[in-house]
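A.B. asks: Provided herewith: coords.cif, mmCIF, C-alpha atoms.
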data_coords
#
loop_
_atom_site.label_atom_id
_atom_site.label_comp_id
_atom_site.auth_asym_id
_atom_site.auth_seq_id
_atom_site.Cartn_x
_atom_site.Cartn_y
_atom_site.Cartn_z
CA MET A 1 56.89 49.97 175.18
CA SER A 2 58.21 46.45 175.83
CA SER A 3 60.02 47.57 178.99
CA PHE A 4 56.77 48.87 180.53
CA LYS A 5 54.47 46.05 181.61
CA TYR A 6 51.93 45.27 184.30
CA ASN A 7 52.99 42.93 187.08
CA SER A 8 50.27 41.91 189.55
CA SER A 9 48.12 44.75 188.18
CA GLU A 10 50.79 47.43 188.76
CA LEU A 11 52.84 49.05 186.00
CA PHE A 12 56.56 48.33 186.06
CA CYS A 13 59.49 49.70 184.10
CA GLU A 14 61.81 46.73 183.76
CA ASN A 15 61.77 45.40 187.36
CA VAL A 16 60.84 48.62 189.15
CA ASN A 17 57.32 49.51 190.25
CA LEU A 18 56.48 52.90 188.75
CA LYS A 19 54.17 53.74 191.63
CA GLU A 20 57.20 53.61 193.92
CA ILE A 21 59.05 55.91 191.54
CA ALA A 22 56.17 58.39 191.67
CA LYS A 23 56.16 58.31 195.46
CA ASP A 24 59.94 58.45 195.87
CA PHE A 25 60.73 61.12 193.27
CA GLY A 26 57.41 62.93 193.01
CA THR A 27 55.49 63.95 189.91
CA PRO A 28 55.68 65.03 187.18
CA SER A 29 58.62 62.73 186.45
CA TYR A 30 60.20 61.44 183.28
CA VAL A 31 61.20 57.78 183.59
CA TYR A 32 63.40 55.95 181.05
CA SER A 33 64.32 52.32 180.53
CA LYS A 34 68.03 51.69 179.98
CA LYS A 35 67.24 48.31 178.45
CA ALA A 36 64.93 49.90 175.86
CA ILE A 37 67.50 52.58 175.00
CA GLU A 38 70.16 49.93 174.45
CA GLU A 39 67.87 47.73 172.36
CA ASN A 40 66.81 50.63 170.13
CA ALA A 41 70.35 51.92 169.58
CA LYS A 42 71.62 48.41 168.82
CA ALA A 43 68.80 48.01 166.29
CA TYR A 44 70.67 50.59 164.20
CA VAL A 45 74.30 49.83 164.99
CA ASN A 46 73.96 46.06 164.58
CA SER A 47 71.98 46.36 161.32
CA PHE A 48 74.85 47.85 159.32
CA ASP A 49 76.70 45.36 157.12
CA ASN A 50 79.25 48.03 156.22
CA PRO A 51 81.17 48.92 159.41
CA LYS A 52 81.99 52.36 157.99
CA ASN A 53 78.31 53.34 157.96
CA LEU A 54 77.17 55.40 160.92
CA ALA A 55 74.06 56.22 162.95
CA CYS A 56 74.21 59.69 164.51
CA PHE A 57 71.60 60.00 167.26
CA ALA A 58 69.55 63.22 167.01
CA VAL A 59 70.31 64.87 170.34
CA LYS A 60 67.31 67.19 169.98
CA SER A 61 64.99 64.26 170.70
CA LEU A 62 66.45 63.38 174.13
CA SER A 63 69.52 65.14 175.47
CA ASN A 64 70.12 63.94 179.04
CA ILE A 65 73.86 63.24 179.31
CA SER A 66 73.39 59.89 181.09
CA ILE A 67 71.35 58.65 178.16
CA LEU A 68 73.70 60.15 175.59
CA LYS A 69 76.57 58.24 177.19
CA ILE A 70 74.65 54.96 176.90
CA ILE A 71 74.03 55.62 173.22
CA LYS A 72 77.63 56.70 172.61
CA ASP A 73 79.03 53.59 174.29
CA LEU A 74 76.99 51.44 171.89
CA GLY A 75 78.74 52.97 168.88
CA CYS A 76 76.45 55.79 167.78
CA GLY A 77 77.58 59.23 166.75
CA PHE A 78 75.51 62.37 167.22
CA ASP A 79 73.48 64.78 165.11
CA ILE A 80 73.48 68.17 166.85
CA VAL A 81 71.76 71.48 166.11
CA SER A 82 73.33 73.89 168.60
CA GLY A 83 76.46 74.77 170.50
CA GLY A 84 74.74 73.57 173.66
CA GLU A 85 74.18 70.13 172.16
CA LEU A 86 77.81 70.05 171.01
CA HIS A 87 78.88 70.85 174.58
CA ARG A 88 76.66 68.03 175.88
CA VAL A 89 78.03 65.31 173.62
CA LEU A 90 81.63 66.37 174.16
CA SER A 91 81.06 66.25 177.92
CA ILE A 92 80.35 62.51 177.70
CA GLY A 93 83.40 61.77 175.54
CA ALA A 94 81.84 61.65 172.08
CA ASP A 95 84.23 61.17 169.19
CA PRO A 96 84.23 64.51 167.28
CA LYS A 97 84.57 62.54 164.04
CA LYS A 98 81.13 61.09 164.73
CA ILE A 99 79.40 64.48 165.13
CA ILE A 100 77.26 66.07 162.42
CA PHE A 101 76.23 69.72 163.01
CA SER A 102 72.84 70.47 161.39
CA GLY A 103 70.50 73.47 161.56
CA VAL A 104 69.76 76.58 159.50
CA GLY A 105 70.93 79.25 161.93
CA LYS A 106 74.40 78.34 163.21
CA THR A 107 76.02 81.34 164.86
CA GLU A 108 79.64 82.32 164.28
CA LYS A 109 80.48 81.16 167.80
CA GLU A 110 78.86 77.77 167.17
CA ILE A 111 80.74 77.44 163.89
CA GLU A 112 83.96 78.25 165.71
CA GLN A 113 83.14 75.59 168.31
CA GLY A 114 82.64 72.99 165.60
CA ILE A 115 85.83 73.85 163.72
CA GLN A 116 87.98 73.88 166.85
CA THR A 117 86.46 70.60 168.00
CA ASN A 118 87.25 69.01 164.62
CA ILE A 119 83.76 67.58 164.05
CA LEU A 120 82.95 65.27 161.15
CA SER A 121 80.92 67.85 159.23
CA PHE A 122 78.66 70.88 159.17
CA ASN A 123 75.43 70.26 157.25
CA VAL A 124 75.36 73.53 155.28
CA GLU A 125 71.83 74.85 154.64
CA SER A 126 72.45 78.11 152.72
CA ALA A 127 75.04 79.95 150.67
CA SER A 128 75.38 82.58 153.39
CA GLU A 129 76.16 79.90 155.96
CA LEU A 130 78.81 78.36 153.71
CA TYR A 131 80.59 81.69 153.28
CA THR A 132 80.43 82.32 157.03
CA ILE A 133 81.97 78.92 157.74
CA GLU A 134 84.70 79.62 155.21
CA ARG A 135 85.46 82.99 156.76
CA LYS A 136 85.61 81.57 160.31
CA ALA A 137 87.85 78.72 159.13
CA LYS A 138 90.18 81.24 157.51
CA ASP A 139 90.29 83.29 160.73
CA LEU A 140 91.27 80.10 162.57
CA ASN A 141 93.83 79.15 159.91
CA SER A 142 91.90 75.93 159.42
CA SER A 143 89.79 73.97 156.96
CA ALA A 144 86.16 73.26 157.88
CA PRO A 145 84.52 69.97 156.82
CA ILE A 146 81.13 70.54 155.20
CA SER A 147 78.30 68.66 153.56
CA ILE A 148 75.66 70.44 151.51
CA ARG A 149 72.14 69.74 152.72
CA ILE A 150 69.89 69.44 149.72
CA ASN A 151 66.12 69.83 149.77
CA PRO A 152 64.83 66.90 147.69
CA ASP A 153 61.25 68.28 147.61
CA ILE A 154 59.81 65.12 149.12
CA ASP A 155 56.79 65.21 151.43
CA SER A 156 57.28 62.64 154.18
CA GLY A 157 53.59 62.72 155.05
CA GLY A 158 54.04 63.88 158.64
CA HIS A 159 52.60 66.91 160.44
CA ASP A 160 53.42 70.21 158.69
CA TYR A 161 55.61 71.24 161.61
CA ILE A 162 57.85 68.17 161.31
CA THR A 163 58.05 67.83 157.53
CA THR A 164 61.39 69.26 156.43
CA GLY A 165 62.15 68.16 152.86
CA ARG A 166 59.68 70.14 150.71
CA LYS A 167 60.30 73.27 148.69
CA GLY A 168 59.15 76.10 150.92
CA ASP A 169 60.42 74.44 154.10
CA LYS A 170 63.23 76.42 155.72
CA PHE A 171 65.70 73.54 155.60
CA GLY A 172 68.26 72.68 152.94
CA ILE A 173 68.99 74.12 149.49
CA SER A 174 66.39 73.51 146.76
CA SER A 175 68.06 74.85 143.61
CA ILE A 176 70.11 72.20 141.81
CA GLN A 177 72.14 74.95 140.19
CA ASP A 178 72.92 76.50 143.58
CA ILE A 179 73.90 73.10 145.00
CA PHE A 180 76.40 72.46 142.21
CA GLU A 181 77.80 75.98 142.40
CA LEU A 182 78.38 75.68 146.14
CA CYS A 183 79.94 72.24 145.76
CA ARG A 184 82.28 73.46 143.04
CA TYR A 185 83.17 76.54 145.07
CA SER A 186 83.84 74.43 148.18
CA SER A 187 86.05 72.00 146.29
CA THR A 188 88.43 74.81 145.35
CA SER A 189 88.38 76.69 148.65
CA GLN A 190 91.48 76.62 150.84
CA ASN A 191 89.31 76.73 153.97
CA LEU A 192 86.49 74.33 153.11
CA ASN A 193 86.59 70.55 152.79
CA LEU A 194 83.54 69.14 150.99
CA VAL A 195 82.99 65.69 152.51
CA GLY A 196 79.35 64.87 151.79
CA LEU A 197 75.80 65.61 150.75
CA ALA A 198 72.90 65.45 153.20
CA CYS A 199 69.12 65.54 153.27
CA HIS A 200 66.39 65.09 155.85
CA ILE A 201 62.76 64.84 154.78
CA GLY A 202 60.92 64.95 158.10
CA SER A 203 59.87 63.05 161.17
CA GLN A 204 57.46 60.25 162.09
CA ILE A 205 57.91 58.68 158.63
CA LEU A 206 55.91 55.47 158.26
CA ASP A 207 57.20 53.96 155.00
CA LEU A 208 60.50 53.65 153.16
CA ASP A 209 59.43 55.28 149.90
CA GLY A 210 60.64 58.75 150.87
CA TYR A 211 64.06 57.43 151.85
CA ILE A 212 64.43 55.57 148.54
CA LYS A 213 63.45 58.64 146.52
CA SER A 214 65.86 60.77 148.57
CA ALA A 215 68.67 58.29 147.95
CA ASP A 216 67.99 58.37 144.20
CA LYS A 217 68.16 62.17 144.13
CA ILE A 218 71.30 62.40 146.23
CA PHE A 219 72.98 59.67 144.12
CA GLU A 220 72.34 61.70 140.96
CA LEU A 221 74.03 64.74 142.48
CA SER A 222 76.97 62.76 143.83
CA ASP A 223 77.49 61.00 140.51
CA GLN A 224 77.58 64.32 138.65
CA LEU A 225 80.10 65.70 141.15
CA SER A 226 82.23 62.58 140.72
CA LYS A 227 82.30 63.17 136.96
CA GLU A 228 83.76 66.59 137.74
CA GLY A 229 86.43 65.06 139.98
CA ILE A 230 84.71 65.86 143.27
CA GLU A 231 84.61 62.74 145.46
CA LEU A 232 82.60 62.54 148.67
CA ASP A 233 83.14 60.60 151.89
CA PHE A 234 79.48 60.12 152.82
CA LEU A 235 75.85 60.62 151.89
CA ASP A 236 73.61 61.51 154.85
CA LEU A 237 69.99 60.37 154.43
CA GLY A 238 68.84 61.95 157.71
CA GLY A 239 66.48 60.44 160.25
CA GLY A 240 62.76 60.57 160.83
CA LEU A 241 61.76 56.90 161.05
CA GLY A 242 58.41 56.77 162.82
CA VAL A 243 57.21 54.95 165.93
CA THR A 244 53.89 53.55 167.13
CA TYR A 245 51.88 56.15 169.06
CA GLU A 246 48.46 54.68 168.29
CA ASP A 247 48.07 51.98 165.63
CA GLU A 248 50.90 52.98 163.25
CA VAL A 249 53.09 50.17 161.90
CA PRO A 250 56.38 51.81 160.88
CA PRO A 251 59.33 49.96 159.37
CA VAL A 252 61.99 48.79 161.81
CA PRO A 253 65.59 50.07 161.55
CA LYS A 254 66.76 46.79 160.02
CA GLU A 255 64.33 47.22 157.11
CA LEU A 256 65.43 50.81 156.54
CA ILE A 257 69.15 50.03 156.68
CA SER A 258 68.89 46.89 154.55
CA SER A 259 67.05 48.73 151.81
CA LEU A 260 69.51 51.63 151.82
CA GLU A 261 72.65 49.49 152.01
CA LYS A 262 71.34 47.54 149.03
CA LYS A 263 71.09 50.79 147.08
CA PHE A 264 74.56 51.85 148.29
CA SER A 265 76.07 48.57 147.08
CA GLY A 266 79.06 49.28 144.87
CA ARG A 267 79.23 52.95 145.79
CA LYS A 268 82.30 54.58 147.35
CA GLU A 269 80.39 56.80 149.77
CA ARG A 270 79.38 55.54 153.16
CA LEU A 271 75.86 55.90 154.57
CA ILE A 272 75.02 58.13 157.52
CA LEU A 273 71.62 58.18 159.25
CA GLU A 274 70.33 60.54 161.96
CA PRO A 275 67.78 58.56 164.04
CA GLY A 276 66.17 60.25 167.02
CA ARG A 277 62.55 59.42 167.81
CA SER A 278 62.93 55.76 166.76
CA ILE A 279 65.64 55.31 169.40
CA SER A 280 64.19 57.35 172.26
CA ALA A 281 60.38 57.60 172.03
CA ASN A 282 59.25 54.30 173.51
CA THR A 283 61.99 54.28 176.15
CA GLY A 284 60.28 56.84 178.38
CA VAL A 285 57.03 57.76 180.11
CA LEU A 286 55.87 60.88 181.90
CA LEU A 287 54.38 60.12 185.30
CA THR A 288 51.70 62.46 186.61
CA LYS A 289 49.16 62.51 189.45
CA VAL A 290 45.41 63.10 189.19
CA GLU A 291 44.79 66.12 191.41
CA TYR A 292 41.13 66.81 190.67
CA ILE A 293 38.22 65.49 188.65
CA LYS A 294 35.71 67.91 187.13
CA ASP A 295 33.06 67.03 184.57
CA ASN A 296 34.96 65.04 181.91
CA PHE A 297 38.37 66.41 182.92
CA LEU A 298 41.15 64.65 184.74
CA ILE A 299 43.21 67.55 186.07
CA VAL A 300 46.77 66.34 186.61
CA ASP A 301 49.98 67.89 187.92
CA ALA A 302 51.80 67.67 184.55
CA ALA A 303 51.09 70.25 181.90
CA MET A 304 51.95 71.50 178.43
CA ASN A 305 55.16 72.98 179.83
CA ASP A 306 56.20 69.40 180.71
CA LEU A 307 55.02 67.71 177.49
CA LEU A 308 54.36 70.16 174.65
CA ARG A 309 53.68 67.77 171.76
CA PRO A 310 49.88 67.41 172.26
CA ALA A 311 49.40 71.20 172.39
CA LEU A 312 51.89 71.98 169.62
CA TYR A 313 51.19 69.18 167.12
CA LYS A 314 47.90 67.79 168.42
CA ALA A 315 50.01 64.68 168.94
CA THR A 316 48.44 61.61 170.49
CA HIS A 317 50.09 59.74 173.36
CA GLY A 318 48.67 56.62 174.95
CA VAL A 319 47.90 56.85 178.65
CA CYS A 320 47.46 54.25 181.35
CA ASN A 321 46.82 54.09 185.07
CA LEU A 322 49.71 52.72 187.10
CA ASP A 323 47.10 50.45 188.69
CA GLU A 324 45.54 48.14 186.11
CA LYS A 325 41.96 48.76 187.20
CA LYS A 326 39.33 46.33 185.99
CA GLU A 327 36.32 48.58 186.57
CA SER A 328 34.46 50.19 183.70
CA THR A 329 36.32 53.02 182.02
CA LYS A 330 35.18 56.49 181.07
CA ASN A 331 36.33 58.88 178.37
CA TRP A 332 38.37 61.76 179.77
CA ASN A 333 40.25 64.83 178.68
CA ILE A 334 43.54 64.90 180.60
CA VAL A 335 44.56 68.50 181.26
CA GLY A 336 47.14 70.34 183.32
CA PRO A 337 47.19 73.45 185.52
CA VAL A 338 48.73 75.84 182.96
CA CYS A 339 46.46 78.78 182.14
CA GLU A 340 45.89 77.97 178.48
CA SER A 341 42.98 76.14 176.87
CA SER A 342 45.56 74.28 174.78
CA ASP A 343 47.02 72.75 177.95
CA PHE A 344 46.08 69.13 177.47
CA LEU A 345 48.01 65.86 177.47
CA ALA A 346 45.28 63.67 175.95
CA LYS A 347 41.75 64.09 174.68
CA ASN A 348 38.83 61.68 174.80
CA VAL A 349 40.86 58.79 176.18
CA SER A 350 39.26 55.80 177.86
CA ILE A 351 40.74 55.17 181.29
CA GLU A 352 39.58 54.36 184.83
CA ALA A 353 40.88 56.89 187.35
CA VAL A 354 40.06 58.57 190.65
CA GLU A 355 41.65 61.53 192.41
CA GLY A 356 45.09 60.61 193.74
CA ASP A 357 45.81 58.02 191.04
CA TYR A 358 49.07 58.08 189.11
CA ILE A 359 48.97 58.03 185.30
CA ALA A 360 51.69 57.31 182.76
CA ILE A 361 51.84 59.23 179.48
CA ASN A 362 53.44 56.77 177.06
CA ASN A 363 56.09 57.26 174.37
CA ALA A 364 57.38 60.40 176.07
CA GLY A 365 61.07 59.65 175.54
CA ALA A 366 61.29 61.71 172.34
CA TYR A 367 60.61 65.45 172.31
CA GLY A 368 59.38 65.30 175.89
CA PHE A 369 61.68 66.81 178.49
CA VAL A 370 63.78 68.50 175.80
CA MET A 371 60.82 70.74 174.88
CA ALA A 372 59.88 71.51 178.49
CA SER A 373 59.73 75.09 179.72
CA ASN A 374 59.15 77.11 182.88
CA TYR A 375 55.92 78.65 181.62
CA ASN A 376 53.73 79.82 184.52
CA SER A 377 56.94 79.67 186.62
CA ARG A 378 56.66 75.91 186.85
CA PRO A 379 59.87 74.05 187.76
CA ARG A 380 60.82 71.41 185.21
CA ALA A 381 60.36 67.74 186.10
CA CYS A 382 63.03 65.33 187.25
CA GLU A 383 64.39 62.52 185.07
CA VAL A 384 64.89 58.96 186.34
CA LEU A 385 66.72 56.09 184.65
CA ILE A 386 65.74 52.48 185.36
CA ASN A 387 68.33 49.72 185.02
CA ASP A 388 66.77 46.33 185.83
CA ASP A 389 65.70 46.67 189.49
CA LYS A 390 67.56 49.92 190.21
CA SER A 391 66.52 53.54 189.72
CA SER A 392 68.84 56.54 189.39
CA LEU A 393 68.04 60.23 189.43
CA ILE A 394 69.72 61.58 186.29
CA ARG A 395 68.30 65.10 186.53
CA LYS A 396 67.06 66.74 189.70
CA ARG A 397 63.69 68.41 189.82
CA GLU A 398 64.04 72.16 189.59
CA THR A 399 63.19 74.24 192.65
CA PHE A 400 61.61 77.66 192.96
CA ASP A 401 65.05 79.02 193.84
CA ASP A 402 66.41 77.56 190.59
CA LEU A 403 63.87 79.66 188.69
CA LEU A 404 65.31 82.85 190.19
CA GLU A 405 68.98 81.87 190.06
CA LEU A 406 69.88 83.75 186.87
CA GLU A 407 67.72 86.82 187.50
CA ARG A 408 68.75 90.12 189.09
CA ILE A 409 66.70 93.00 190.48
CA ASN A 410 67.80 96.25 188.86
CA ASP A 411 68.05 98.84 191.65
#
Please lay out the structure from this file as structure tokens.

C.D. replies:
Amino acid sequence: MSSFKYNSSELFCENVNLKEIAKDFGTPSYVYSKKAIEENAKAYVNSFDNPKNLACFAVKSLSNISILKIIKDLGCGFDIVSGGELHRVLSIGADPKKIIFSGVGKTEKEIEQGIQTNILSFNVESASELYTIERKAKDLNSSAPISIRINPDIDSGGHDYITTGRKGDKFGISSIQDIFELCRYSSTSQNLNLVGLACHIGSQILDLDGYIKSADKIFELSDQLSKEGIELDFLDLGGGLGVTYEDEVPPVPKELISSLEKKFSGRKERLILEPGRSISANTGVLLTKVEYIKDNFLIVDAAMNDLLRPALYKATHGVCNLDEKKESTKNWNIVGPVCESSDFLAKNVSIEAVEGDYIAINNAGAYGFVMASNYNSRPRACEVLINDDKSSLIRKRETFDDLLELERIND
């Protein structure tokens, strides 16, 4: 959170007073630092010694097109999981040859989008998906680039909901026999072009051990394929590098990339990574206003529909008052107005606050706005980008009329 600091006892993002943002744009509001986004993206791009290696930003973590353009202009590609995300990255001029399409449930229309766009690769997660891609490519008189996503059966140590590389998780293909059969089949297909192998073991990973084990497993598979005359363009080791929410000390991108490039030394394949949280998390905060105080509750105007992670994962986000108060603090539960007991943003946090104060929920740049909903018919928050001493509205706050725009009364 280096871009968010107190200045004369008031919290600033870069050189903009966040209290002025709250007053000018209202709350709840997501606020992002352009400087932090650039620094985090460069931490990946500038760490590669091999210029052919590639970082594909996970659009699912933060998908505002203004921010995607910043990341694209710094040299990143994109990891997408839907046709909507593909549409977003193409709208900001992304190079299709820097787009990886992941996800277990790609529809035929999404597959068609990817083939016609000429993306770098589909990360194939099942035999059925592979045959569907082949069929759609044949219909289009084309050849679809694919990589087989393996399940290395490695537990990244994160929350069960964000661990993705174990047997029993819905992602990837676990059977070594199935992996080889699909690779061999793809290598002889007129409508499939096998370009890589991929894996992704989870999110909020706090050490490099899982990445090293994944690399070893994917190397073994690639080496066996090479012996059979099947050469690959890349090996995709996924994303998932953790960030500091409380007292975690995760590796930095340079450490991850250095260790992996050392292992890749002498290999023909290039390295692809899919960072998301480690680029976007600490670039944003969610601003909210204290509406009421009751017992040990701070009742604010943001809710679980604005920031779902605490309710969904029991995730912990730091909080701070926009005024750096020096009085004694009290432990509070920060809750919103949604009619669910799970509607909380923080529990048992020590903070000084009175009604009318503005509070920042920290590290909200990843899986914040992207997971927002209109539950309880609540309009979604606005998004604001800070660049030095300037602020720009990069997504308008929804209105009540917006909530009704797509609905029709059936007479």

A.B. asks: Can you translate the PyMOL selection byres ((chain A and resi 376) around 9) into the concrete residues it hits in this file, as a PyMOL selection string?

C.D. replies: chain A and resi 305+338-339+374-375+377-378

A.B. asks: Nearest residue to Ser186 in chain A out of A:Ser147, A:Ser3, A:Ser121, A:Ser203, using only C-alpha atoms?

C.D. replies: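 Of the candidates, the smallest distance to Ser186 in chain A is held by A:Ser147.
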
A.B. asks: Ala381 in chain A: which residues within 8 Å, counting all atoms listed in the file, same-chain residues fewer than 6 positions away excluded, as a list in words?

C.D. replies: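 Final neighbour list, sorted by chain and number: Thr27, Pro28, Ser29, Tyr30, Asp306, Phe369, Lys396, Arg397 and Glu398 of chain A.
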
A.B. asks: Applied to the shown file, which residues does the PyMOL selection byres ((chain A and resi 353) around 9) return, written as a compact mmCIF listing (two decimals) with C-alpha atoms, keeping the file's coordinate frame?

C.D. replies:
# COMPACT_ATOMS: atom_id res chain seq x y z
CA VAL A 290 45.41 63.10 189.19
CA LEU A 298 41.15 64.65 184.74
CA ASN A 321 46.82 54.09 185.07
CA LYS A 325 41.96 48.76 187.20
CA THR A 329 36.32 53.02 182.02
CA LYS A 330 35.18 56.49 181.07
CA ILE A 351 40.74 55.17 181.29
CA GLU A 352 39.58 54.36 184.83
CA VAL A 354 40.06 58.57 190.65
CA GLU A 355 41.65 61.53 192.41
CA GLY A 356 45.09 60.61 193.74
CA ASP A 357 45.81 58.02 191.04
CA TYR A 358 49.07 58.08 189.11
CA ILE A 359 48.97 58.03 185.30

A.B. asks: What is the distance, in Å and to one decimal place, between CA of Phe219 in chain A and CA of Pro145 in chain A?

C.D. replies: 20.0 Å

A.B. asks: Once the PyMOL selection byres ((chain A and resi 127) around 9) has been applied to the shown file, what residues remain in the selection, as an MDAnalysis selection string?

C.D. replies: chainID A and resid 124:126 128:132 173 178:179 182

A.B. asks: Of the residues A:Ser91, A:Asn348, A:Gln116, A:Ser265, which is the one nearest to Val335 in chain A, using all atoms listed in the file?

C.D. replies: A:Asn348

A.B. asks: Just the number, please: distance in Å from CA of Leu206 in chain A to CA of Cys320 in chain A, one decimal.

C.D. replies: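 It comes out at 24.6 Å.
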
A.B. asks: So that I can check the surroundings of range 246-254 of chain A, please list as a PDB file with C-alpha atoms, in the coordinates of the input every protein, DNA and RNA residue that reaches within 10 Å of it, counting all atoms listed in the file and ignoring chain neighbours fewer than 2 positions away.

C.D. replies:
ATOM      1  CA  ASN A  40      66.810  50.630 170.130  1.00  0.00           C
ATOM      2  CA  ALA A  41      70.350  51.920 169.580  1.00  0.00           C
ATOM      3  CA  LYS A  42      71.620  48.410 168.820  1.00  0.00           C
ATOM      4  CA  ALA A  43      68.800  48.010 166.290  1.00  0.00           C
ATOM      5  CA  TYR A  44      70.670  50.590 164.200  1.00  0.00           C
ATOM      6  CA  VAL A  45      74.300  49.830 164.990  1.00  0.00           C
ATOM      7  CA  ASN A  46      73.960  46.060 164.580  1.00  0.00           C
ATOM      8  CA  SER A  47      71.980  46.360 161.320  1.00  0.00           C
ATOM      9  CA  PHE A  48      74.850  47.850 159.320  1.00  0.00           C
ATOM     10  CA  GLN A 204      57.460  60.250 162.090  1.00  0.00           C
ATOM     11  CA  ILE A 205      57.910  58.680 158.630  1.00  0.00           C
ATOM     12  CA  LEU A 206      55.910  55.470 158.260  1.00  0.00           C
ATOM     13  CA  ASP A 207      57.200  53.960 155.000  1.00  0.00           C
ATOM     14  CA  LEU A 208      60.500  53.650 153.160  1.00  0.00           C
ATOM     15  CA  LEU A 241      61.760  56.900 161.050  1.00  0.00           C
ATOM     16  CA  GLY A 242      58.410  56.770 162.820  1.00  0.00           C
ATOM     17  CA  VAL A 243      57.210  54.950 165.930  1.00  0.00           C
ATOM     18  CA  THR A 244      53.890  53.550 167.130  1.00  0.00           C
ATOM     19  CA  LEU A 256      65.430  50.810 156.540  1.00  0.00           C
ATOM     20  CA  ILE A 257      69.150  50.030 156.680  1.00  0.00           C
ATOM     21  CA  SER A 258      68.890  46.890 154.550  1.00  0.00           C
ATOM     22  CA  SER A 259      67.050  48.730 151.810  1.00  0.00           C
ATOM     23  CA  LEU A 260      69.510  51.630 151.820  1.00  0.00           C
ATOM     24  CA  PRO A 275      67.780  58.560 164.040  1.00  0.00           C
ATOM     25  CA  SER A 278      62.930  55.760 166.760  1.00  0.00           C
ATOM     26  CA  ILE A 279      65.640  55.310 169.400  1.00  0.00           C
ATOM     27  CA  THR A 316      48.440  61.610 170.490  1.00  0.00           C
ATOM     28  CA  HIS A 317      50.090  59.740 173.360  1.00  0.00           C
ATOM     29  CA  GLY A 318      48.670  56.620 174.950  1.00  0.00           C
TER      30      GLY A 318
END

A.B. asks: Just want the 10 Å neighbourhood of Val31 in chain A, counted on only C-alpha atoms, with same-chain residues fewer than 4 positions away dropped. Output as a list in words.

C.D. replies: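 My reading of the contact set: Cys13, Leu18, Ile21, Ala22, Thr283, Gly284, Val285, Leu286, Leu287, Ala360, Ala364, Gly365, Cys382, Glu383, Val384, Leu385, Ile386, Ser391, Ser392, Leu393 and Ile394 of chain A.
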
A.B. asks: Which neighbours of Ala311 in chain A fall inside 10 Å, counting all atoms listed in the file, when residues of the same chain fewer than 2 positions from it are skipped, and could you give them as a PDB file with C-alpha atoms, keeping the file's coordinate frame?

C.D. replies:
ATOM      1  CA  ALA A 303      51.090  70.250 181.900  1.00  0.00           C
ATOM      2  CA  MET A 304      51.950  71.500 178.430  1.00  0.00           C
ATOM      3  CA  ASN A 305      55.160  72.980 179.830  1.00  0.00           C
ATOM      4  CA  LEU A 307      55.020  67.710 177.490  1.00  0.00           C
ATOM      5  CA  LEU A 308      54.360  70.160 174.650  1.00  0.00           C
ATOM      6  CA  ARG A 309      53.680  67.770 171.760  1.00  0.00           C
ATOM      7  CA  TYR A 313      51.190  69.180 167.120  1.00  0.00           C
ATOM      8  CA  LYS A 314      47.900  67.790 168.420  1.00  0.00           C
ATOM      9  CA  ALA A 315      50.010  64.680 168.940  1.00  0.00           C
ATOM     10  CA  THR A 316      48.440  61.610 170.490  1.00  0.00           C
ATOM     11  CA  GLU A 340      45.890  77.970 178.480  1.00  0.00           C
ATOM     12  CA  SER A 341      42.980  76.140 176.870  1.00  0.00           C
ATOM     13  CA  SER A 342      45.560  74.280 174.780  1.00  0.00           C
ATOM     14  CA  ASP A 343      47.020  72.750 177.950  1.00  0.00           C
ATOM     15  CA  PHE A 344      46.080  69.130 177.470  1.00  0.00           C
ATOM     16  CA  LEU A 345      48.010  65.860 177.470  1.00  0.00           C
ATOM     17  CA  ALA A 346      45.280  63.670 175.950  1.00  0.00           C
TER      18      ALA A 346
END

A.B. asks: Would you compute the distance between CA of Ser174 in chain A and CA of Cys199 in chain A? Give it in Å to one decimal.

C.D. replies: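 One can read the CA of Ser174 in chain A to CA of Cys199 in chain A distance as 10.6 Å.
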
A.B. asks: Using all atoms listed in the file, which of A:Asn191, A:Asn64, A:Asn362, A:Ser175 sits nearest Leu140 in chain A?

C.D. replies: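 Closest to Leu140 in chain A of all the choices is A:Asn191.
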
A.B. asks: Take the point (63.0, 58.9, 142.0) as written in the file and pick out every residue within 12 Å of it, counting all atoms listed in the file; give the list as a PDB file with C-alpha atoms, in the frame of the given file.

C.D. replies:
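That gives us selection.pdb:
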ATOM      1  CA  PRO A 152      64.830  66.900 147.690  1.00  0.00           C
ATOM      2  CA  ASP A 153      61.250  68.280 147.610  1.00  0.00           C
ATOM      3  CA  ILE A 154      59.810  65.120 149.120  1.00  0.00           C
ATOM      4  CA  ASP A 209      59.430  55.280 149.900  1.00  0.00           C
ATOM      5  CA  GLY A 210      60.640  58.750 150.870  1.00  0.00           C
ATOM      6  CA  TYR A 211      64.060  57.430 151.850  1.00  0.00           C
ATOM      7  CA  ILE A 212      64.430  55.570 148.540  1.00  0.00           C
ATOM      8  CA  LYS A 213      63.450  58.640 146.520  1.00  0.00           C
ATOM      9  CA  SER A 214      65.860  60.770 148.570  1.00  0.00           C
ATOM     10  CA  ALA A 215      68.670  58.290 147.950  1.00  0.00           C
ATOM     11  CA  ASP A 216      67.990  58.370 144.200  1.00  0.00           C
ATOM     12  CA  LYS A 217      68.160  62.170 144.130  1.00  0.00           C
ATOM     13  CA  ILE A 218      71.300  62.400 146.230  1.00  0.00           C
ATOM     14  CA  PHE A 219      72.980  59.670 144.120  1.00  0.00           C
ATOM     15  CA  GLU A 220      72.340  61.700 140.960  1.00  0.00           C
TER      16      GLU A 220
END

A.B. asks: List as a VMD selection string the residues having at least one atom at most 8 Å from position (76.0, 60.5, 172.4) as given in the file, counting only C-alpha atoms.

C.D. replies: chain A and resid 57 59 65 67 to 73 76 to 78 89 92 94
